[in-house]
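K.L.:
For reference, the structure I am asking about is given below.
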Amino acid sequence: MTAILIIVVGVICLVCGYVFYGSWLAKQWGVDPTRKTPAYEMEDGVDYVPAKPAVLMGHHYSSIAGAGPINGPVQAAVFGWVPVFLWCVIGGIFFGGVQDFGSLFASVRHKGKSVGEIIHDTMGKRAARLFSIFALLVLVLVIASFVNVVAGTFASDNWGITTGTVTGNETTAMVSVLFIILAIVYGLLTNRAGLSTNVATSSASCASSPSCSWV
C-alpha cells in the first residue's frame, strides 16, 4: 500500500468521523452555533479575544496531534505502520477528539474557564484539588514519556555519517528541529511582518523546505 493511499484513507476516515460522529455528539450536547462564545461576550483585548478561524484551527490541530508527529515515525519504525495508523485515526476520532471537544465545549459554556475551575464551581474545592494533583501527575508522566522517546530518537548510535545513508532516527530528529524553526518563522511573519495567515503558512513551510526556492 502506497503512502498516498494511506493518507487518502486516513483523511476520509477523519472527515467521516467529523461529519457523522462529530455532528451526533454536537446534537447530544446541545451545541448552538448561533450562541456567542465568551471571546465575544466578554471581549477585553487581553484574556478574551476572538481568534481567526485558521489560527483557532491550528491550535485545535496541535492539541489533538500532540506528540503524534514526533512519536508516530518512531513507533512506526518499531511496530509497523498499521498500529500507528489505527492509533491516529481510531484514537483521534473516538478518544482524543471526544476529549478535546468535550473540554472545549465545557469551557465555552463556563465563560472560558479551565477544567480545574469548572470542577471547583460544580463539584467543590476538594474535588478541584484532587483533580489538580491528578493532572500534575499525569502531565509529569506524559512529559517524561515524551522526553524519553525524543531523547532516544536523538541519541542514535547509527547516524549514517560514515556510510552516507540516512537512518529513520536522524530523519525524525530533523523533523523535531524543523518544528522549532517553523514556529519562530511563522511568529515573525504574522506578528512582525503583518502577513496574513495563509501567506505566512506557505512562507514558513517554504522556509524550512530545502526543495523550495525563493523568488
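Simple scheme: letters A, B, ... for chains in C-alpha cells order, numbers from 1 for residues in each chain, numbers from 1 for ligands in the order shown.
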What's the 12 Å shell around Val8 of chain A, counting only C-alpha atoms, without same-chain residues fewer than 6 positions away, as a PyMOL selection string?
P.N.:
chain A and resi 1-2+14-15+85+89
K.L.:
Could those selected residues go to a file with all heavy atoms, as a PDB file, in the first residue's frame?
P.N.:
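Result written to again-v5.pdb:
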```pdb
ATOM      1  N   MET A   1       0.852  -1.204   0.000  1.00  0.00           N
ATOM      2  CA  MET A   1       0.000   0.000   0.000  1.00  0.00           C
ATOM      3  C   MET A   1       0.882   1.247   0.000  1.00  0.00           C
ATOM      4  O   MET A   1       1.767   1.397   0.828  1.00  0.00           O
ATOM      5  CB  MET A   1      -0.918   0.009   1.216  1.00  0.00           C
ATOM      6  CG  MET A   1      -1.893   1.202   1.254  1.00  0.00           C
ATOM      7  SD  MET A   1      -2.991   1.159   2.692  1.00  0.00           S
ATOM      8  CE  MET A   1      -4.021  -0.240   2.263  1.00  0.00           C
ATOM      9  N   THR A   2       0.656   2.132  -0.934  1.00  0.00           N
ATOM     10  CA  THR A   2       1.474   3.322  -1.043  1.00  0.00           C
ATOM     11  C   THR A   2       1.118   4.335   0.038  1.00  0.00           C
ATOM     12  O   THR A   2       0.031   4.290   0.637  1.00  0.00           O
ATOM     13  CB  THR A   2       1.299   3.968  -2.414  1.00  0.00           C
ATOM     14  OG1 THR A   2      -0.066   4.374  -2.574  1.00  0.00           O
ATOM     15  CG2 THR A   2       1.652   2.980  -3.524  1.00  0.00           C
ATOM     16  N   LEU A  14     -11.189  10.441   8.853  1.00  0.00           N
ATOM     17  CA  LEU A  14     -11.291  11.594   9.733  1.00  0.00           C
ATOM     18  C   LEU A  14     -12.451  12.503   9.339  1.00  0.00           C
ATOM     19  O   LEU A  14     -13.165  13.033  10.203  1.00  0.00           O
ATOM     20  CB  LEU A  14      -9.973  12.375   9.728  1.00  0.00           C
ATOM     21  CG  LEU A  14      -8.767  11.664  10.349  1.00  0.00           C
ATOM     22  CD1 LEU A  14      -7.504  12.492  10.162  1.00  0.00           C
ATOM     23  CD2 LEU A  14      -8.996  11.382  11.824  1.00  0.00           C
ATOM     24  N   VAL A  15     -12.646  12.688   8.040  1.00  0.00           N
ATOM     25  CA  VAL A  15     -13.762  13.515   7.573  1.00  0.00           C
ATOM     26  C   VAL A  15     -15.091  12.871   7.950  1.00  0.00           C
ATOM     27  O   VAL A  15     -16.022  13.549   8.426  1.00  0.00           O
ATOM     28  CB  VAL A  15     -13.665  13.735   6.053  1.00  0.00           C
ATOM     29  CG1 VAL A  15     -14.945  14.392   5.529  1.00  0.00           C
ATOM     30  CG2 VAL A  15     -12.468  14.601   5.718  1.00  0.00           C
ATOM     31  N   PHE A  85      -1.269   3.791  12.300  1.00  0.00           N
ATOM     32  CA  PHE A  85      -2.409   4.293  11.532  1.00  0.00           C
ATOM     33  C   PHE A  85      -3.702   4.149  12.323  1.00  0.00           C
ATOM     34  O   PHE A  85      -4.509   5.084  12.417  1.00  0.00           O
ATOM     35  CB  PHE A  85      -2.506   3.533  10.209  1.00  0.00           C
ATOM     36  CG  PHE A  85      -3.686   3.927   9.367  1.00  0.00           C
ATOM     37  CD1 PHE A  85      -3.639   5.067   8.577  1.00  0.00           C
ATOM     38  CD2 PHE A  85      -4.843   3.167   9.374  1.00  0.00           C
ATOM     39  CE1 PHE A  85      -4.725   5.431   7.806  1.00  0.00           C
ATOM     40  CE2 PHE A  85      -5.938   3.525   8.609  1.00  0.00           C
ATOM     41  CZ  PHE A  85      -5.873   4.661   7.816  1.00  0.00           C
ATOM     42  N   VAL A  89      -5.980   7.324  13.646  1.00  0.00           N
ATOM     43  CA  VAL A  89      -7.319   7.511  13.096  1.00  0.00           C
ATOM     44  C   VAL A  89      -8.400   7.160  14.118  1.00  0.00           C
ATOM     45  O   VAL A  89      -9.231   8.000  14.490  1.00  0.00           O
ATOM     46  CB  VAL A  89      -7.496   6.673  11.814  1.00  0.00           C
ATOM     47  CG1 VAL A  89      -8.925   6.781  11.308  1.00  0.00           C
ATOM     48  CG2 VAL A  89      -6.515   7.134  10.746  1.00  0.00           C
TER      49      VAL A  89
END
```
K.L.:
Fewer than 2 positions away in the same chain doesn't count, so skip those; otherwise give me all residues within 12 Å of Phe131 of chain A, counting only C-alpha atoms, as a ChimeraX atom specification.
P.N.:
/A:114-120,123-129,133-139
K.L.:
For atom CA of Thr34 of chain A and atom CA of Phe105 of chain A, determine how far apart the two atoms are, in Å to one decimal place.
P.N.:
14.1 Å
K.L.:
Interatomic distance between atom CA of Ala54 of chain A and atom CA of Asn198 of chain A?
P.N.:
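Distance reported for this atom pair: 8.2 Å.
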K.L.:
Can you pull out every residue within 12 Å of Trp29 of chain A, counting only C-alpha atoms, but drop anything in the same chain fewer than 2 positions away, and send it as JSON, numbers by chain?
P.N.:
{"A": [22, 23, 24, 25, 26, 27, 31, 32, 98, 101, 102, 105, 106, 109]}
K.L.:
Just to be explicit: take each residue in the selection above, keep C-alpha atoms, and write the result as a PDB file, in the first residue's frame.
P.N.:
```
ATOM      1  CA  GLY A  22     -18.993  14.876  15.471  1.00  0.00           C
ATOM      2  CA  SER A  23     -22.450  16.067  14.424  1.00  0.00           C
ATOM      3  CA  TRP A  24     -24.047  13.361  16.575  1.00  0.00           C
ATOM      4  CA  LEU A  25     -22.080  14.495  19.620  1.00  0.00           C
ATOM      5  CA  ALA A  26     -22.989  18.122  18.923  1.00  0.00           C
ATOM      6  CA  LYS A  27     -26.687  17.207  18.920  1.00  0.00           C
ATOM      7  CA  VAL A  31     -24.303  22.769  20.704  1.00  0.00           C
ATOM      8  CA  ASP A  32     -25.813  26.015  19.397  1.00  0.00           C
ATOM      9  CA  VAL A  98     -14.085  13.495  22.058  1.00  0.00           C
ATOM     10  CA  PHE A 101     -14.333  18.539  22.010  1.00  0.00           C
ATOM     11  CA  GLY A 102     -15.804  17.927  25.441  1.00  0.00           C
ATOM     12  CA  PHE A 105     -17.471  22.716  24.985  1.00  0.00           C
ATOM     13  CA  ALA A 106     -17.424  22.753  28.782  1.00  0.00           C
ATOM     14  CA  ARG A 109     -20.256  27.073  28.472  1.00  0.00           C
TER      15      ARG A 109
END
```
K.L.:
Could you give me, as JSON, numbers by chain, each residue of segment 3-171 of chain A that DSSP assigns to alpha helix (DSSP H) when run on this structure's backbone?
P.N.:
{"A": [3, 4, 5, 6, 7, 8, 9, 10, 11, 12, 13, 14, 15, 16, 23, 24, 25, 26, 27, 28, 29, 38, 39, 40, 41, 53, 54, 55, 56, 57, 58, 59, 60, 61, 62, 63, 64, 65, 68, 69, 70, 71, 72, 73, 74, 75, 76, 77, 78, 79, 81, 82, 83, 84, 85, 86, 87, 88, 89, 90, 91, 97, 98, 99, 100, 101, 102, 103, 104, 105, 106, 107, 108, 109, 115, 116, 117, 118, 119, 120, 121, 122, 123, 125, 126, 127, 128, 129, 130, 131, 132, 133, 134, 135, 136, 137, 138, 139, 140, 141, 142, 143, 144, 145, 146, 147, 148, 149, 150, 151, 152, 153, 154, 168, 169, 170, 171]}
K.L.:
Pick the closest to Gly17 of chain A from A:Phe146, A:Phe94, A:Tyr186, A:Tyr48: which is it, counting only C-alpha atoms?
P.N.:
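The answer is A:Phe94, which sits nearest to Gly17 of chain A.
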K.L.:
Just want the 7 Å neighbourhood of Val108 of chain A, counted on only C-alpha atoms, with same-chain residues fewer than 4 positions away dropped. Output as a PyMOL selection string.
P.N.:
chain A and resi 37-38+104+112
K.L.:
Include N, CA and C atoms and write out the residues we just selected as a PDB file, in the first residue's frame.
P.N.:
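Result saved to out.pdb:
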```pdb
ATOM      1  N   THR A  37     -19.677  33.025  21.867  1.00  0.00           N
ATOM      2  CA  THR A  37     -18.681  32.463  22.773  1.00  0.00           C
ATOM      3  C   THR A  37     -18.192  33.536  23.743  1.00  0.00           C
ATOM      4  N   PRO A  38     -17.534  33.138  24.837  1.00  0.00           N
ATOM      5  CA  PRO A  38     -17.013  34.133  25.791  1.00  0.00           C
ATOM      6  C   PRO A  38     -16.047  35.130  25.161  1.00  0.00           C
ATOM      7  N   LEU A 104     -13.409  21.659  25.377  1.00  0.00           N
ATOM      8  CA  LEU A 104     -13.675  22.974  24.799  1.00  0.00           C
ATOM      9  C   LEU A 104     -15.136  23.379  24.989  1.00  0.00           C
ATOM     10  N   GLY A 112     -15.173  30.359  29.415  1.00  0.00           N
ATOM     11  CA  GLY A 112     -13.786  30.160  29.037  1.00  0.00           C
ATOM     12  C   GLY A 112     -12.887  29.664  30.147  1.00  0.00           C
TER      13      GLY A 112
END
```
K.L.:
Nearest to His59 of chain A: which of A:Gly10, A:Ile93, A:Ala76, A:Asp100 is it, counting only C-alpha atoms?
P.N.:
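Smallest distance to His59 of chain A is found for A:Asp100.
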K.L.:
Show which residues sit within 12 Å of Leu86 of chain A, as a list in words. Count only C-alpha atoms, and ignore same-chain residues fewer than 2 positions away.
P.N.:
Ile6, Val9, Gly10, Cys13, Leu14, Gly72, Ala76, Phe79, Gly80, Trp81, Val82, Pro83, Val84, Cys88, Val89, Ile90, Gly91, Gly92, Ile93 and Phe94 of chain A
K.L.:
Quick one, how far is atom CA of Ala39 of chain A from atom CA of Phe95 of chain A?
P.N.:
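The value is 26.8 Å.
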